[in-house]
>>> print(open('input-v8.tsv').read())   # TSV, C-alpha atoms
chain	number	residue	atom	x	y	z
A	1	MET	CA	0.00	0.00	0.00
A	2	ILE	CA	1.04	3.60	-0.63
A	3	VAL	CA	-0.08	6.05	2.06
A	4	VAL	CA	-0.65	9.70	1.14
A	5	ALA	CA	-0.45	12.13	4.06
A	6	GLY	CA	-1.83	15.66	4.04
A	7	GLU	CA	-4.80	17.93	3.66
A	8	ALA	CA	-8.16	17.49	2.00
A	9	LEU	CA	-10.04	20.68	1.14
A	10	VAL	CA	-12.56	22.24	-1.22
A	11	ASP	CA	-11.51	24.40	-4.17
A	12	MET	CA	-14.02	27.12	-5.04
A	13	VAL	CA	-13.56	27.32	-8.81
A	14	PRO	CA	-14.95	30.09	-11.07
A	15	VAL	CA	-17.55	28.95	-13.60
A	16	GLY	CA	-17.75	32.07	-15.77
A	17	ASP	CA	-15.84	35.11	-17.01
A	18	ASP	CA	-17.61	37.87	-15.08
A	19	GLU	CA	-15.70	39.99	-12.59
A	20	LEU	CA	-17.58	38.30	-9.72
A	21	THR	CA	-18.41	35.01	-11.38
A	22	PRO	CA	-20.17	32.24	-9.43
A	23	LEU	CA	-17.90	29.72	-7.73
A	24	ALA	CA	-18.42	25.96	-7.87
A	25	PRO	CA	-17.03	23.70	-5.11
A	26	LYS	CA	-14.56	21.07	-6.29
A	27	LEU	CA	-13.02	18.49	-3.96
A	28	GLY	CA	-9.26	18.79	-3.72
A	29	GLY	CA	-6.11	19.51	-1.77
A	30	GLY	CA	-2.69	18.44	-3.07
A	31	PRO	CA	-2.27	15.22	-1.06
A	32	TYR	CA	-5.96	14.37	-1.45
A	33	ASN	CA	-5.59	14.63	-5.23
A	34	VAL	CA	-2.50	12.40	-5.13
A	35	ALA	CA	-4.44	9.76	-3.19
A	36	VAL	CA	-7.37	9.92	-5.62
A	37	ALA	CA	-5.00	9.61	-8.59
A	38	LEU	CA	-3.32	6.55	-7.09
A	39	GLY	CA	-6.59	4.86	-6.21
A	40	ARG	CA	-8.03	5.47	-9.67
A	41	LEU	CA	-4.89	3.92	-11.18
A	42	ASP	CA	-5.62	0.70	-9.26
A	43	VAL	CA	-2.82	1.08	-6.71
A	44	PRO	CA	-3.63	0.03	-3.12
A	45	THR	CA	-3.77	3.43	-1.41
A	46	GLY	CA	-4.50	4.80	2.04
A	47	PHE	CA	-5.08	8.42	3.08
A	48	LEU	CA	-3.76	9.93	6.32
A	49	SER	CA	-5.45	13.18	7.33
A	50	ARG	CA	-8.07	14.79	9.54
A	51	VAL	CA	-11.32	15.46	7.68
A	52	SER	CA	-14.30	17.47	8.84
A	53	THR	CA	-17.66	15.91	9.62
A	54	ASP	CA	-19.36	18.82	7.79
A	55	HIS	CA	-21.03	18.38	4.39
A	56	PHE	CA	-17.83	19.01	2.46
A	57	GLY	CA	-15.99	16.50	4.64
A	58	GLU	CA	-18.60	13.84	3.99
A	59	GLN	CA	-18.24	14.40	0.25
A	60	LEU	CA	-14.44	14.22	0.50
A	61	ILE	CA	-14.69	10.83	2.19
A	62	LYS	CA	-17.29	9.61	-0.30
A	63	ARG	CA	-15.02	10.46	-3.21
A	64	LEU	CA	-12.07	8.67	-1.61
A	65	HIS	CA	-14.16	5.52	-1.36
A	66	ALA	CA	-15.37	5.92	-4.96
A	67	SER	CA	-11.71	6.19	-6.02
A	68	LYS	CA	-10.81	3.00	-4.10
A	69	VAL	CA	-8.79	4.80	-1.42
A	70	GLU	CA	-8.71	3.18	2.03
A	71	THR	CA	-9.64	5.56	4.88
A	72	SER	CA	-8.81	3.76	8.14
A	73	LEU	CA	-6.06	6.35	8.81
A	74	VAL	CA	-8.45	9.29	8.33
A	75	GLN	CA	-9.32	11.12	11.55
A	76	ARG	CA	-12.60	13.05	11.78
A	77	GLY	CA	-13.43	16.31	13.54
A	78	ARG	CA	-16.24	18.87	13.82
A	79	GLU	CA	-13.99	21.72	12.62
A	80	ASN	CA	-14.76	23.24	9.22
A	81	THR	CA	-13.23	22.07	5.95
A	82	THR	CA	-10.46	24.26	4.53
A	83	LEU	CA	-11.55	26.34	1.52
A	84	ALA	CA	-9.35	27.47	-1.37
A	85	VAL	CA	-10.75	30.18	-3.64
A	86	VAL	CA	-9.30	29.72	-7.12
A	87	GLY	CA	-8.61	32.37	-9.72
A	88	LEU	CA	-7.87	31.20	-13.28
A	89	ALA	CA	-5.57	32.97	-15.75
A	90	GLU	CA	-6.24	32.92	-19.49
A	91	ASP	CA	-3.94	29.90	-19.94
A	92	GLY	CA	-5.85	27.92	-17.29
A	93	SER	CA	-3.18	28.27	-14.61
A	94	ALA	CA	-4.53	28.72	-11.09
A	95	ARG	CA	-3.85	31.06	-8.19
A	96	TYR	CA	-5.27	30.46	-4.73
A	97	SER	CA	-6.43	32.24	-1.59
A	98	PHE	CA	-7.14	30.12	1.47
A	99	TYR	CA	-9.47	30.00	4.46
A	100	VAL	CA	-7.61	27.81	6.95
A	101	ASP	CA	-8.06	29.13	10.49
A	102	GLY	CA	-9.09	26.34	12.85
A	103	THR	CA	-9.93	23.92	10.05
A	104	ALA	CA	-9.92	20.17	10.46
A	105	ASP	CA	-6.93	19.12	8.38
A	106	ARG	CA	-4.34	21.12	10.32
A	107	LEU	CA	-5.33	19.40	13.61
A	108	VAL	CA	-4.24	15.90	12.58
A	109	GLU	CA	-2.65	13.75	15.30
A	110	ASP	CA	0.31	11.38	14.95
A	111	PRO	CA	-1.09	7.96	14.03
A	112	GLY	CA	2.06	6.15	15.14
A	113	PRO	CA	3.89	3.73	12.83
A	114	LEU	CA	2.11	3.22	9.54
A	115	PRO	CA	0.62	-0.21	8.71
A	116	ALA	CA	3.13	-2.98	7.99
A	117	GLU	CA	1.92	-3.34	4.41
A	118	THR	CA	2.89	0.27	3.60
A	119	LYS	CA	5.66	0.49	0.99
A	120	ALA	CA	5.77	4.25	0.40
A	121	VAL	CA	4.36	7.45	1.87
A	122	SER	CA	3.82	10.77	0.08
A	123	PHE	CA	3.72	14.26	1.64
A	124	GLY	CA	3.20	17.82	0.47
A	125	THR	CA	1.47	21.17	0.09
A	126	LEU	CA	-0.35	23.01	2.92
A	127	SER	CA	0.01	20.17	5.42
A	128	LEU	CA	3.73	20.87	5.74
A	129	VAL	CA	3.15	24.60	6.31
A	130	LEU	CA	0.22	24.94	8.71
A	131	GLU	CA	0.82	24.14	12.36
A	132	PRO	CA	0.26	22.16	14.45
A	133	GLY	CA	-0.26	19.60	11.71
A	134	ALA	CA	3.00	20.42	9.90
A	135	SER	CA	5.07	19.19	12.83
A	136	VAL	CA	2.99	16.00	13.00
A	137	TYR	CA	3.57	15.20	9.34
A	138	GLU	CA	7.26	16.05	9.70
A	139	THR	CA	7.49	13.52	12.54
A	140	VAL	CA	5.87	10.87	10.36
A	141	LEU	CA	8.21	11.72	7.46
A	142	ARG	CA	11.35	11.36	9.55
A	143	ARG	CA	10.16	8.17	11.28
A	144	GLU	CA	8.96	6.37	8.17
A	145	SER	CA	11.98	7.36	6.03
A	146	LYS	CA	13.99	4.78	7.96
A	147	ARG	CA	11.98	1.91	6.42
A	148	LEU	CA	9.90	3.22	3.48
A	149	LEU	CA	10.21	5.20	0.28
A	150	THR	CA	9.23	8.77	1.16
A	151	ALA	CA	8.00	11.08	-1.60
A	152	LEU	CA	7.62	14.86	-1.29
A	153	ASP	CA	5.95	17.51	-3.43
A	154	PRO	CA	6.32	20.84	-1.58
A	155	ASN	CA	3.75	22.45	-3.93
A	156	ILE	CA	4.46	25.94	-2.61
A	157	ARG	CA	1.62	28.28	-1.66
A	158	ALA	CA	3.73	31.33	-0.88
A	159	GLY	CA	0.85	33.40	0.50
A	160	LEU	CA	0.57	31.05	3.47
A	161	ILE	CA	4.30	30.97	4.25
A	162	HIS	CA	4.82	33.89	6.62
A	163	ASP	CA	8.57	33.28	7.13
A	164	PRO	CA	10.02	32.12	3.79
A	165	GLY	CA	13.55	31.82	5.16
A	166	ALA	CA	12.44	29.52	7.96
A	167	TYR	CA	10.40	27.37	5.58
A	168	ARG	CA	13.30	27.07	3.13
A	169	ALA	CA	15.58	25.95	5.95
A	170	ARG	CA	12.97	23.44	7.10
A	171	PHE	CA	12.62	22.11	3.55
A	172	ARG	CA	16.39	21.57	3.34
A	173	SER	CA	16.29	19.71	6.63
A	174	TRP	CA	13.79	17.23	5.13
A	175	LEU	CA	15.97	16.29	2.15
A	176	PRO	CA	18.02	13.55	3.89
A	177	ASP	CA	14.69	11.85	4.70
A	178	VAL	CA	13.21	12.14	1.18
A	179	GLY	CA	13.63	9.38	-1.40
A	180	LEU	CA	11.73	10.99	-4.29
A	181	LEU	CA	11.25	14.74	-4.70
A	182	LYS	CA	8.85	16.30	-7.20
A	183	ALA	CA	8.62	20.04	-7.78
A	184	SER	CA	7.47	22.51	-10.38
A	185	VAL	CA	10.17	24.73	-11.85
A	186	GLU	CA	8.47	27.71	-10.18
A	187	ASP	CA	8.61	26.01	-6.80
A	188	ALA	CA	12.25	25.02	-7.32
A	189	ARG	CA	13.20	28.62	-8.02
A	190	TRP	CA	11.21	29.85	-5.01
A	191	LEU	CA	12.82	27.30	-2.70
A	192	ALA	CA	16.33	28.12	-3.93
A	193	GLU	CA	15.65	31.87	-4.21
A	194	ASP	CA	16.11	31.66	-7.99
A	195	GLY	CA	18.78	30.01	-10.13
A	196	ASP	CA	19.04	27.34	-12.81
A	197	VAL	CA	16.49	24.64	-11.99
A	198	ILE	CA	18.70	21.76	-13.14
A	199	GLU	CA	21.54	22.92	-10.92
A	200	ILE	CA	19.06	23.37	-8.07
A	201	ALA	CA	17.89	19.79	-8.56
A	202	ARG	CA	21.46	18.49	-8.60
A	203	THR	CA	22.13	20.26	-5.32
A	204	TRP	CA	19.08	18.60	-3.80
A	205	ILE	CA	20.22	15.19	-5.09
A	206	SER	CA	23.50	15.64	-3.23
A	207	GLN	CA	21.52	16.12	-0.01
A	208	GLY	CA	19.44	12.95	-0.09
A	209	PRO	CA	16.77	12.26	-2.73
A	210	ALA	CA	17.35	9.44	-5.21
A	211	ALA	CA	15.67	11.50	-7.94
A	212	VAL	CA	14.14	14.93	-8.49
A	213	VAL	CA	11.25	15.17	-10.96
A	214	LEU	CA	10.57	18.64	-12.37
A	215	THR	CA	7.25	19.63	-13.87
A	216	LYS	CA	7.71	22.32	-16.51
A	217	GLY	CA	4.17	23.09	-17.65
A	218	GLY	CA	4.10	23.43	-21.41
A	219	ASP	CA	7.72	22.20	-21.61
A	220	GLY	CA	7.02	18.71	-20.28
A	221	LEU	CA	8.75	16.77	-17.50
A	222	SER	CA	12.35	16.10	-16.48
A	223	VAL	CA	14.03	13.86	-13.96
A	224	ILE	CA	17.46	14.50	-12.52
A	225	THR	CA	19.43	11.74	-10.83
A	226	ALA	CA	23.02	11.33	-9.70
A	227	THR	CA	23.84	9.82	-13.10
A	228	GLY	CA	22.06	12.13	-15.50
A	229	GLN	CA	18.88	13.74	-16.79
A	230	VAL	CA	15.88	12.49	-18.77
A	231	ASP	CA	13.34	14.79	-20.47
A	232	VAL	CA	9.97	14.04	-22.05
A	233	PRO	CA	7.91	16.50	-24.11
A	234	PRO	CA	4.47	17.73	-23.05
A	235	VAL	CA	1.28	16.00	-24.12
A	236	LYS	CA	-0.78	18.29	-26.35
A	237	VAL	CA	-4.23	18.90	-24.88
A	238	ASP	CA	-6.94	21.56	-24.79
A	239	VAL	CA	-6.46	22.93	-21.28
A	240	VAL	CA	-9.58	23.67	-19.23
A	241	ASP	CA	-7.52	24.39	-16.11
A	242	THR	CA	-4.35	23.10	-14.46
A	243	ILE	CA	-5.87	22.37	-11.04
A	244	GLY	CA	-4.46	19.07	-9.78
A	245	ALA	CA	-2.06	18.58	-12.70
A	246	GLY	CA	1.06	18.41	-10.55
A	247	ASP	CA	-0.72	16.21	-8.02
A	248	THR	CA	-1.66	13.85	-10.83
A	249	VAL	CA	1.99	13.68	-11.90
A	250	GLN	CA	2.94	12.73	-8.34
A	251	GLY	CA	0.25	10.07	-8.09
A	252	ALA	CA	0.87	8.61	-11.55
A	253	LEU	CA	4.62	8.54	-11.01
A	254	LEU	CA	4.19	6.61	-7.76
A	255	ALA	CA	1.71	4.31	-9.53
A	256	TRP	CA	4.27	3.55	-12.25
A	257	LEU	CA	6.93	2.81	-9.64
A	258	HIS	CA	4.49	0.54	-7.79
A	259	ASP	CA	3.57	-1.34	-10.96
A	260	HIS	CA	7.24	-1.83	-11.84
A	261	ASP	CA	8.40	-2.94	-8.37
A	262	ALA	CA	10.52	0.18	-7.88
A	263	LEU	CA	9.18	1.61	-4.62
A	264	SER	CA	12.52	2.14	-2.92
A	265	ALA	CA	15.28	4.72	-3.16
A	266	GLU	CA	17.74	2.01	-4.19
A	267	LYS	CA	15.56	0.83	-7.08
A	268	ILE	CA	14.85	4.40	-8.18
A	269	ARG	CA	18.60	5.01	-8.40
A	270	GLY	CA	18.86	1.95	-10.65
A	271	LEU	CA	16.23	2.96	-13.21
A	272	SER	CA	17.48	3.20	-16.78
A	273	THR	CA	16.91	6.07	-19.21
A	274	ASP	CA	14.25	4.02	-21.00
A	275	GLU	CA	12.48	3.27	-17.72
A	276	TRP	CA	12.48	6.92	-16.72
A	277	THR	CA	11.16	7.87	-20.14
A	278	ALA	CA	8.31	5.40	-19.69
A	279	ALA	CA	7.56	6.63	-16.16
A	280	LEU	CA	7.50	10.31	-17.14
A	281	THR	CA	5.44	9.60	-20.26
A	282	TYR	CA	2.89	7.78	-18.11
A	283	ALA	CA	2.75	10.64	-15.58
A	284	GLY	CA	2.54	13.31	-18.29
A	285	ALA	CA	-0.33	11.55	-20.04
A	286	ALA	CA	-2.24	11.29	-16.77
A	287	ALA	CA	-1.73	15.00	-16.02
A	288	ALA	CA	-2.88	15.94	-19.52
A	289	ILE	CA	-6.20	14.20	-18.91
A	290	THR	CA	-6.60	16.12	-15.64
A	291	CYS	CA	-5.92	19.41	-17.44
A	292	SER	CA	-8.59	18.61	-20.01
A	293	ARG	CA	-11.42	18.87	-17.47
A	294	ALA	CA	-12.46	21.28	-14.74
A	295	GLY	CA	-11.08	20.86	-11.25
A	296	ALA	CA	-8.79	18.10	-10.04
A	297	GLU	CA	-10.19	15.03	-11.82
A	298	PRO	CA	-7.36	12.51	-12.27
A	299	PRO	CA	-7.97	9.71	-14.77
A	300	PHE	CA	-8.97	6.15	-14.06
A	301	ALA	CA	-6.65	3.39	-15.25
A	302	SER	CA	-8.88	2.57	-18.22
A	303	GLU	CA	-8.80	6.20	-19.44
A	304	LEU	CA	-5.02	6.35	-19.18
A	305	THR	CA	-4.64	3.06	-21.02
A	306	VAL	CA	-6.65	4.50	-23.92
A	307	ALA	CA	-4.65	7.76	-23.90
A	308	LEU	CA	-1.39	5.80	-24.09
A	309	GLY	CA	-2.67	3.75	-27.01
A	310	GLY	CA	-3.10	0.56	-25.01
>>> encode(input="input-v8.tsv", output="structure tokens")
Amino acid sequence: MIVVAGEALVDMVPVGDDELTPLAPKLGGGPYNVAVALGRLDVPTGFLSRVSTDHFGEQLIKRLHASKVETSLVQRGRENTTLAVVGLAEDGSARYSFYVDGTADRLVEDPGPLPAETKAVSFGTLSLVLEPGASVYETVLRRESKRLLTALDPNIRAGLIHDPGAYRARFRSWLPDVGLLKASVEDARWLAEDGDVIEIARTWISQGPAAVVLTKGGDGLSVITATGQVDVPPVKVDVVDTIGAGDTVQGALLAWLHDHDALSAEKIRGLSTDEWTAALTYAGAAAAITCSRAGAEPPFASELTVALGG
């Protein structure tokens, strides 16, 4: 099983072009989207979080079950669900403002050691920023890195990071405990305070991760390892919005590693150029499907098989 740890929330997404257009609720949150993507790709998946018992929370849980995600590690609370109000640019890219005070997901408690059948655990986004939950997830990351593949997508939301210097230092402190790191080129530059993204990734590799996967929007995907670099071009698609695209890459990449018995840092270091090309192609195709529809709607395995010509 792969466990995904982090927040579940509701994205309020615009449904028109007016200055004050109506907003439609879409279920989301970076880690939540990763879990949904994994479950839909037929990978045994569990979700670790705290989810509200309000209406949005009930719908979040319902969708996890519909996506074949196991929820025994989900804690419940009467606090409200976090809301993210989304603004869309002309190219479909998203910007966010958040309503997070006292919400359920940031009050998660340490579950203790993860189930014995867990082979990997994925972290990211708001859950590693907002206290007290951030310290809980950090504890889980450091503890489980001693026996599992740990994956991280920082998925920066700069407006919620009140002390960028402290967060950057904290991020660097996680690197020895991270087996697989995924980041957008924008996030990489923010974390390193600008610079060449490939050189940034190589610096990170020297500090712990077996591989760094970079999402480059319309320029495709790259992976940097200690032995080289592999690039794949973007998949051409009519973009509705990019909500959940990076999360889908994370989920699909972990799914590919699961399906090819490569869920360990050692096996990731041993992947060939052809294997990385296949993995990134798989993840890019999955993200393209997500971009082709509104909100974070990762594909099911059957849809991805068709997209890949299977």
>>> atom_distance(input="input-v8.tsv", atom1="atom CA of A:Phe300", atom2="atom CA of A:Arg40")
4.5 Å
>>> atom_distance(input="input-v8.tsv", atom1="atom CA of A:Thr277", atom2="atom CA of A:Trp256")
11.3 Å
>>> closest_residue(input="input-v8.tsv", among="A:Val34, A:Val85, A:Leu271, A:Leu27", to="A:Gln59", atoms="only C-alpha atoms")
A:Leu27
>>> atom_distance(input="input-v8.tsv", atom1="atom CA of A:Leu191", atom2="atom CA of A:Arg168")
5.9 Å
>>> closest_residue(input="input-v8.tsv", among="A:Asp153, A:Glu138, A:Asp177, A:Glu193", to="A:Gly124", atoms="all atoms listed in the file")
A:Asp153
>>> closest_atom_pairs(input="input-v8.tsv", of="stretch 54-127 of chain A", to="stretch 142-148 of chain A", cutoff="10 Å", atoms="only C-alpha atoms", output="CSV")
residue,atom,partner,partner_atom,distance
A:Gly112,CA,A:Arg143,CA,9.2
A:Pro113,CA,A:Glu144,CA,7.4
A:Leu114,CA,A:Glu144,CA,7.7
A:Thr118,CA,A:Leu148,CA,7.6
A:Lys119,CA,A:Leu148,CA,5.6
A:Ala120,CA,A:Leu148,CA,5.3
A:Val121,CA,A:Leu148,CA,7.2
>>> closest_atom_pairs(input="input-v8.tsv", of="stretch 72-181 of chain A", to="stretch 194-208 of chain A", cutoff="10 Å", atoms="all atoms listed in the file", output="Markdown table")
| residue | atom | partner | partner_atom | distance |
| --- | --- | --- | --- | --- |
| A:Arg172 | CA | A:Trp204 | CA | 8.2 |
| A:Ser173 | CA | A:Gln207 | CA | 9.2 |
| A:Trp174 | CA | A:Gly208 | CA | 8.8 |
| A:Leu175 | CA | A:Gly208 | CA | 5.3 |
| A:Pro176 | CA | A:Gly208 | CA | 4.3 |
| A:Asp177 | CA | A:Gly208 | CA | 6.8 |
| A:Val178 | CA | A:Gly208 | CA | 6.4 |
| A:Gly179 | CA | A:Gly208 | CA | 6.9 |
| A:Leu180 | CA | A:Gly208 | CA | 9.0 |
| A:Leu181 | CA | A:Trp204 | CA | 8.8 |
>>> axis_aligned_box(input="input-v8.tsv", around="stretch 277-291 of chain A", padding_each_side="6 Å", output="AutoDock Vina command-line options")
--center_x 2.3 --center_y 12.4 --center_z -17.9 --size_x 29.8 --size_y 26.0 --size_z 16.7
>>> residues_around(input="input-v8.tsv", residues="A:Leu128", least_positions_apart="6", cutoff="8 Å", atoms="only C-alpha atoms", output="PyMOL selection string")
chain A and resi 6+134-135+137-138+154
>>> closest_atom_pairs(input="input-v8.tsv", of="stretch 34-91 of chain A", to="stretch 14-24 of chain A", cutoff="9 Å", atoms="all atoms listed in the file", output="CSV")
residue,atom,partner,partner_atom,distance
A:Val85,CA,A:Leu23,CA,8.2
A:Val86,CA,A:Pro14,CA,6.9
A:Gly87,CA,A:Pro14,CA,6.9
A:Leu88,CA,A:Pro14,CA,7.5
>>> closest_residue(input="input-v8.tsv", among="A:Leu280, A:Leu48, A:Leu304, A:Ala89", to="A:Val249", atoms="only C-alpha atoms")
A:Leu280
